[in-house]
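Engineer: Below is the file data_32.txt, with compact mmCIF, C-alpha atoms.
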# COMPACT_ATOMS: atom_id res chain seq x y z
CA MET A 1 96.67 194.99 82.59
CA THR A 2 94.65 193.99 79.56
CA ASP A 3 92.09 191.39 80.56
CA THR A 4 89.41 191.02 77.94
CA LEU A 5 86.58 188.57 77.40
CA THR A 6 86.36 186.95 73.97
CA ILE A 7 83.28 185.05 72.85
CA ALA A 8 83.27 183.71 69.30
CA ASP A 9 84.52 186.60 67.15
CA ARG A 10 83.87 189.46 69.57
CA THR A 11 85.99 190.84 72.40
CA PHE A 12 84.66 192.79 75.38
CA THR A 13 86.40 194.72 78.15
CA SER A 14 83.54 194.28 80.65
CA ARG A 15 82.74 190.90 82.18
CA LEU A 16 79.32 191.98 83.36
CA LEU A 17 76.31 191.34 81.11
CA VAL A 18 72.94 192.81 82.04
CA GLY A 19 69.29 192.49 81.13
CA THR A 20 66.44 194.79 80.21
CA GLY A 21 63.42 193.55 82.16
CA LYS A 22 61.67 194.51 85.42
CA TYR A 23 63.06 198.06 85.65
CA PRO A 24 60.86 200.82 87.11
CA SER A 25 61.14 202.67 83.80
CA HIS A 26 63.10 202.66 80.57
CA GLU A 27 64.95 205.76 81.75
CA VAL A 28 66.15 203.98 84.89
CA MET A 29 67.19 200.99 82.78
CA ARG A 30 69.36 203.23 80.61
CA GLU A 31 71.00 204.81 83.66
CA CYS A 32 71.72 201.37 85.10
CA HIS A 33 73.26 200.16 81.89
CA ALA A 34 75.64 203.11 81.93
CA ALA A 35 76.48 202.68 85.62
CA SER A 36 77.16 198.96 85.22
CA GLY A 37 79.81 199.47 82.57
CA ALA A 38 78.33 196.51 80.70
CA GLU A 39 78.83 196.20 76.96
CA VAL A 40 76.26 193.45 76.39
CA VAL A 41 72.54 193.63 77.14
CA THR A 42 70.13 190.78 76.63
CA VAL A 43 66.66 191.39 75.19
CA ALA A 44 63.76 188.92 75.16
CA VAL A 45 62.66 188.65 71.52
CA ARG A 46 59.13 187.55 72.42
CA ARG A 47 58.57 190.42 74.85
CA VAL A 48 59.55 193.28 72.55
CA ASP A 49 57.53 194.80 69.73
CA LEU A 50 60.21 194.97 67.08
CA ASN A 51 57.94 197.02 64.81
CA ASP A 52 57.31 199.78 67.36
CA ARG A 53 58.66 203.03 65.91
CA SER A 54 57.05 205.34 68.47
CA GLY A 55 60.34 206.29 70.09
CA THR A 56 59.11 205.05 73.48
CA SER A 57 59.79 201.31 73.18
CA LEU A 58 62.43 199.49 75.22
CA MET A 59 64.71 199.30 72.20
CA ASP A 60 64.80 203.10 71.95
CA PHE A 61 66.41 203.28 75.40
CA ILE A 62 69.30 200.95 74.64
CA THR A 63 72.28 203.10 73.70
CA PRO A 64 73.92 202.34 70.33
CA ASN A 65 77.27 201.42 71.88
CA LEU A 66 75.76 198.34 73.57
CA PHE A 67 75.79 194.93 71.93
CA ILE A 68 72.31 193.40 71.91
CA LEU A 69 72.08 189.73 72.77
CA PRO A 70 68.59 188.45 71.88
CA ASN A 71 67.23 185.72 74.12
CA THR A 72 64.53 183.11 73.76
CA ALA A 73 62.91 183.68 77.16
CA ALA A 74 59.47 182.10 77.69
CA CYS A 75 60.13 179.30 75.21
CA TYR A 76 59.22 175.82 76.46
CA THR A 77 60.18 173.64 73.48
CA ALA A 78 63.21 173.36 71.24
CA ASN A 79 61.15 174.25 68.17
CA ASP A 80 59.72 177.34 69.86
CA ALA A 81 63.18 178.53 70.86
CA ILE A 82 64.55 177.91 67.36
CA ARG A 83 61.72 179.91 65.77
CA THR A 84 62.24 182.76 68.23
CA ALA A 85 65.97 182.90 67.53
CA ARG A 86 65.26 183.04 63.80
CA LEU A 87 62.74 185.82 64.36
CA GLY A 88 65.32 187.88 66.24
CA ARG A 89 67.84 187.47 63.45
CA GLU A 90 65.32 188.28 60.72
CA ALA A 91 64.31 191.41 62.62
CA GLY A 92 67.91 192.58 62.50
CA LEU A 93 68.77 192.11 66.17
CA SER A 94 71.66 189.68 65.85
CA HIS A 95 72.77 186.22 64.78
CA TRP A 96 73.83 185.75 68.39
CA VAL A 97 71.33 184.24 70.80
CA LYS A 98 71.09 183.55 74.51
CA LEU A 99 69.27 180.27 74.17
CA GLU A 100 66.65 179.44 76.79
CA VAL A 101 64.39 176.39 76.72
CA ILE A 102 62.45 176.29 79.97
CA GLY A 103 61.33 172.95 81.34
CA ASP A 104 59.23 173.95 84.35
CA GLU A 105 57.01 176.97 84.99
CA ARG A 106 57.59 177.13 88.73
CA THR A 107 61.37 176.77 88.94
CA LEU A 108 62.16 178.02 85.42
CA PHE A 109 64.87 175.38 85.26
CA PRO A 110 66.05 174.62 81.72
CA ASP A 111 65.00 171.55 79.76
CA ASN A 112 68.55 170.43 79.04
CA GLU A 113 67.63 167.76 76.51
CA ALA A 114 65.67 170.24 74.42
CA LEU A 115 68.41 172.84 74.95
CA ILE A 116 71.07 170.59 73.44
CA GLU A 117 68.76 169.78 70.51
CA ALA A 118 68.09 173.46 69.81
CA THR A 119 71.79 174.33 70.13
CA LYS A 120 72.73 171.81 67.44
CA VAL A 121 70.12 173.19 65.02
CA LEU A 122 70.99 176.85 65.54
CA VAL A 123 74.76 176.31 65.33
CA LYS A 124 74.26 174.63 61.95
CA GLU A 125 72.29 177.69 60.85
CA GLY A 126 75.16 180.03 61.69
CA PHE A 127 74.04 181.31 65.08
CA VAL A 128 76.45 182.11 67.89
CA VAL A 129 74.69 180.22 70.67
CA LEU A 130 75.03 180.96 74.40
CA PRO A 131 72.79 178.44 76.17
CA TYR A 132 71.34 178.99 79.64
CA THR A 133 71.64 175.69 81.47
CA THR A 134 71.73 174.04 84.87
CA ASP A 135 75.00 173.90 86.79
CA ASP A 136 75.67 170.38 85.48
CA PRO A 137 79.23 169.79 84.18
CA ILE A 138 78.08 166.94 81.91
CA VAL A 139 75.36 169.02 80.27
CA CYS A 140 77.81 171.89 79.80
CA ARG A 141 80.24 169.53 78.06
CA LYS A 142 77.47 168.28 75.77
CA LEU A 143 76.54 171.86 74.90
CA GLU A 144 80.15 172.60 74.02
CA ASP A 145 80.23 169.49 71.84
CA ALA A 146 77.06 170.76 70.15
CA GLY A 147 78.89 173.95 69.19
CA ALA A 148 77.93 176.44 71.91
CA ALA A 149 80.16 179.55 71.91
CA ALA A 150 79.84 179.78 75.71
CA VAL A 151 77.97 177.97 78.47
CA MET A 152 75.77 179.80 80.95
CA PRO A 153 75.15 177.70 84.08
CA LEU A 154 72.71 179.10 86.62
CA GLY A 155 73.89 180.12 90.06
CA ALA A 156 70.37 179.67 91.45
CA PRO A 157 66.82 179.84 90.02
CA ILE A 158 66.07 182.88 87.88
CA GLY A 159 65.17 185.93 89.96
CA SER A 160 65.63 184.09 93.26
CA GLY A 161 68.55 186.18 94.55
CA LEU A 162 69.87 183.12 96.39
CA GLY A 163 73.43 183.51 95.16
CA ILE A 164 75.73 180.70 94.05
CA GLN A 165 74.15 177.54 95.41
CA ASN A 166 76.63 175.01 94.06
CA PRO A 167 80.08 176.62 93.92
CA ASN A 168 81.85 173.30 93.47
CA ASN A 169 79.95 172.59 90.26
CA ILE A 170 80.76 176.03 88.87
CA SER A 171 84.45 175.38 89.57
CA ILE A 172 84.30 171.99 87.86
CA ILE A 173 82.50 173.44 84.83
CA LYS A 174 85.19 176.10 84.52
CA GLU A 175 88.01 173.61 84.98
CA PHE A 176 86.92 171.51 82.01
CA ALA A 177 85.38 174.17 79.78
CA ARG A 178 86.90 174.99 76.41
CA VAL A 179 84.62 178.02 75.97
CA PRO A 180 83.79 180.93 78.28
CA VAL A 181 81.67 180.18 81.34
CA ILE A 182 79.09 182.84 82.19
CA VAL A 183 77.18 182.47 85.44
CA ASP A 184 73.58 183.37 84.71
CA ALA A 185 70.67 183.71 87.16
CA GLY A 186 70.40 183.77 90.94
CA VAL A 187 72.69 186.69 91.77
CA GLY A 188 71.09 188.81 94.48
CA THR A 189 73.78 191.26 95.52
CA ALA A 190 77.34 192.30 94.79
CA SER A 191 79.00 189.62 96.90
CA ASP A 192 77.25 186.92 94.84
CA ALA A 193 78.74 188.33 91.65
CA ALA A 194 82.18 188.54 93.25
CA ILE A 195 81.97 184.91 94.38
CA ALA A 196 81.04 183.77 90.88
CA MET A 197 84.10 185.52 89.48
CA GLU A 198 86.37 184.24 92.27
CA LEU A 199 85.31 180.71 91.33
CA GLY A 200 86.75 181.33 87.89
CA ALA A 201 83.68 182.29 85.88
CA ASP A 202 84.58 184.35 82.84
CA ALA A 203 81.58 186.64 83.25
CA VAL A 204 78.29 187.14 85.07
CA LEU A 205 74.89 187.90 83.54
CA LEU A 206 72.26 189.36 85.83
CA ASN A 207 69.10 191.41 85.71
CA THR A 208 66.71 191.26 88.65
CA ALA A 209 69.37 192.06 91.24
CA ILE A 210 69.81 195.48 89.65
CA ALA A 211 66.35 196.15 88.26
CA GLN A 212 64.48 195.47 91.51
CA ALA A 213 66.99 196.87 94.00
CA ASP A 214 65.78 199.78 96.13
CA GLN A 215 68.25 201.98 94.25
CA PRO A 216 68.94 200.26 90.92
CA VAL A 217 71.64 202.66 89.70
CA LEU A 218 73.66 202.24 92.90
CA MET A 219 73.34 198.46 92.63
CA ALA A 220 74.49 198.60 89.02
CA ARG A 221 77.63 200.39 90.16
CA ALA A 222 78.12 197.84 92.94
CA MET A 223 77.84 194.95 90.49
CA ARG A 224 80.38 196.55 88.20
CA HIS A 225 82.94 196.79 91.00
CA ALA A 226 82.09 193.33 92.35
CA VAL A 227 82.73 191.64 89.02
CA GLU A 228 86.00 193.52 88.61
CA ALA A 229 87.11 192.70 92.18
CA GLY A 230 86.16 189.04 91.84
CA ARG A 231 88.09 188.74 88.60
CA LEU A 232 91.19 190.36 90.11
CA ALA A 233 90.99 188.07 93.14
CA PHE A 234 90.77 185.02 90.89
CA LEU A 235 93.79 186.13 88.88
CA ALA A 236 95.73 186.98 92.05
CA GLY A 237 95.12 183.56 93.61
CA ARG A 238 93.69 183.25 97.09
CA ILE A 239 95.66 181.92 100.06
CA PRO A 240 94.98 178.31 101.11
CA LYS A 241 92.30 177.75 103.73
CA LYS A 242 93.69 176.52 107.05
CA ARG A 243 92.07 175.02 110.09
CA TYR A 244 94.05 177.08 112.61
CA ALA A 245 95.45 180.59 112.88
CA SER A 246 98.63 181.72 111.17
CA ALA A 247 100.26 184.93 112.41
CA SER A 248 100.14 187.74 109.90
CA SER A 249 103.35 189.16 111.38
CA PRO A 250 105.54 186.07 111.98
CA LEU A 251 108.54 186.28 114.31
CA THR A 252 110.76 184.16 112.08
CA GLY A 253 113.43 186.25 110.39
CA THR A 254 112.79 189.36 112.50
CA ILE A 255 114.94 191.05 115.12
CA HIS A 256 113.35 191.15 118.57
CA ALA A 257 113.66 194.10 120.90
CA SER A 258 115.31 191.87 123.52
CA ALA A 259 117.98 190.78 121.04
CA ARG A 260 118.78 194.36 120.10
CA ALA A 261 119.17 195.22 123.78
Please go through the file and, once you have read it, give me the structure as structure tokens.
Structural biologist:
Amino acid sequence: MTDTLTIADRTFTSRLLVGTGKYPSHEVMRECHAASGAEVVTVAVRRVDLNDRSGTSLMDFITPNLFILPNTAACYTANDAIRTARLGREAGLSHWVKLEVIGDERTLFPDNEALIEATKVLVKEGFVVLPYTTDDPIVCRKLEDAGAAAVMPLGAPIGSGLGIQNPNNISIIKEFARVPVIVDAGVGTASDAAIAMELGADAVLLNTAIAQADQPVLMARAMRHAVEAGRLAFLAGRIPKKRYASASSPLTGTIHASARA
């Protein structure tokens, strides 16, 4: 079965996107990227020295086959995020951007008003914009209308590991979306990623759950399989939930031993 993920003008075979922060070392990060099977890695423009040519910078440990998605992490205004996106493009990273405009230092929830404003500006400038937003169906619709190539609702606060806190909203967002829906933030373990995919998400982006696991490479492998399993389950279609039991081996249509006698 061919089941690919298409965002804007690019097609990917993996539905798992991963990050580059918080790893014990760059070497471990590289191993995790390989184990995850991911084809897209996100890099914070403001946290990387793009002029470092020492051979020991984070960028030197990202294998050439991976697609780099710059992000505007640590930006708290629309103008700041716009400038950061431009900087990433001018530095040769990409004209794609994972757009983040943070509204609160403690929760790291997005400032959705500023996010929509920045999306409109960057789309007009030719960027492929993937905005990180709250799990609000109305905001996601407005981001689509602003030209976003995908919407990235959070599952829970960044780095919290709480899992999908509002599954109904994720389902609603997916139901009405005209662009890919990528659950971003809050995944703590493999079952969280599987649930996101079972809800219909087109992909999952995560970082901390792998980077800070006791054994990051093993967790990267687990996330790879969880995303694949969740996607297959969604495509297969789950059975309806029922209040009472239903025999897995029904008697109807079978021949009983007493009848054969």
Engineer: Using all atoms listed in the file, can you tell me which of A:Leu69, A:Ile158, A:Ile172, A:Ala185 comes closest to A:Val40?
Structural biologist: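 Distance minimum relative to A:Val40 lands on A:Leu69.
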Engineer: Could you name the residues that touch A:Ala203 at 6 Å or less, counting all atoms listed in the file, but leaving out those on the same chain fewer than 5 positions away, as a VMD selection string?
Structural biologist: chain A and resid 15 to 16 182
Engineer: In Å, how far is it from atom CA of A:Trp96 to atom CA of A:Phe109?
Structural biologist: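 Spanning atom CA of A:Trp96 to atom CA of A:Phe109 is a straight-line distance of 21.7 Å.
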Engineer: Please indicate the distance in Å from atom CA of A:Pro157 to atom CA of A:Tyr76, rounded to one decimal place.
Structural biologist: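 These atoms are spaced 16.1 Å apart.
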Engineer: Could you name the residues that touch A:Val179 at 10 Å or less, counting only C-alpha atoms, but leaving out those on the same chain fewer than 2 positions away, as a list in words?
Structural biologist: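 The contact residues come out as Thr6, Ile7, Ala8, Cys140, Arg141, Glu144, Gly147, Ala148, Ala149, Ala150, Val151, Lys174, Phe176, Ala177, Val181, Ile182 and Asp202 of chain A.
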Engineer: Measuring atom to atom with only C-alpha atoms, identify which of A:Pro64, A:Pro110, A:Gly92, A:Gly37 is nearest to A:Ala78.
Structural biologist: A:Pro110
Engineer: Provide the atom CA of A:Thr56 to atom CA of A:Ser25 distance in Å, to one decimal place.
Structural biologist: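 Computing the Euclidean distance for atom CA of A:Thr56 and atom CA of A:Ser25 yields 10.8 Å.
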Engineer: Kindly provide the residues of stretch 137-222 of chain A that approach stretch 230-245 of chain A to within 7 Å, each paired with its closest atom pair and their distance in Å to one decimal, based on all atoms listed in the file, listed by chain and increasing number, as CSV.
Structural biologist:
residue,atom,partner,partner_atom,distance
A:Ala194,CA,A:Gly230,CA,4.3
A:Ile195,CA,A:Gly230,CA,6.4
A:Met197,CA,A:Gly230,CA,4.7
A:Glu198,CA,A:Phe234,CA,4.7
A:Leu199,CA,A:Phe234,CA,7.0
A:Gly200,CA,A:Phe234,CA,6.2
Engineer: Around all listed atoms of stretch 194-205 of chain A, padded 5 Å per side, what centre and edge lengths does the axis-aligned box have in Å to one decimal, as lines of an AutoDock Vina configuration file?
Structural biologist:
center_x = 80.8
center_y = 184.6
center_z = 88.6
size_x = 21.9
size_y = 17.8
size_z = 21.5
Engineer: Would you list the residues near (80.8, 199.2, 75.2), meaning any protein, DNA or RNA residue with an atom at most 10 Å from that point in file coordinates, counting only C-alpha atoms, as an MDAnalysis selection string?
Structural biologist: chainID A and resid 12:14 34 37:40 63:67
Engineer: Could those selected residues go to a file with C-alpha atoms, as a PDB file, in the coordinates of the input?
Structural biologist:
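out33.pdb written:
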ATOM      1  CA  PHE A  12      84.660 192.790  75.380  1.00  0.00           C
ATOM      2  CA  THR A  13      86.400 194.720  78.150  1.00  0.00           C
ATOM      3  CA  SER A  14      83.540 194.280  80.650  1.00  0.00           C
ATOM      4  CA  ALA A  34      75.640 203.110  81.930  1.00  0.00           C
ATOM      5  CA  GLY A  37      79.810 199.470  82.570  1.00  0.00           C
ATOM      6  CA  ALA A  38      78.330 196.510  80.700  1.00  0.00           C
ATOM      7  CA  GLU A  39      78.830 196.200  76.960  1.00  0.00           C
ATOM      8  CA  VAL A  40      76.260 193.450  76.390  1.00  0.00           C
ATOM      9  CA  THR A  63      72.280 203.100  73.700  1.00  0.00           C
ATOM     10  CA  PRO A  64      73.920 202.340  70.330  1.00  0.00           C
ATOM     11  CA  ASN A  65      77.270 201.420  71.880  1.00  0.00           C
ATOM     12  CA  LEU A  66      75.760 198.340  73.570  1.00  0.00           C
ATOM     13  CA  PHE A  67      75.790 194.930  71.930  1.00  0.00           C
TER      14      PHE A  67
END
Engineer: Let me make sure I understand: among A:Gly88, A:Arg47, A:Asp60, A:Ala35, which one has the smallest atom-to-atom distance to A:Ala74 if we use all atoms listed in the file?
Structural biologist: A:Arg47
Engineer: Considering only C-alpha atoms, return as a ChimeraX atom specification whatever protein or nucleic-acid residues lie within 12 Å of A:Met223, sequence-local ones (same chain, fewer than 5 positions apart) excluded.
Structural biologist: /A:14-18,32-33,35-38,187-197,203-211,213,216-218,228-230
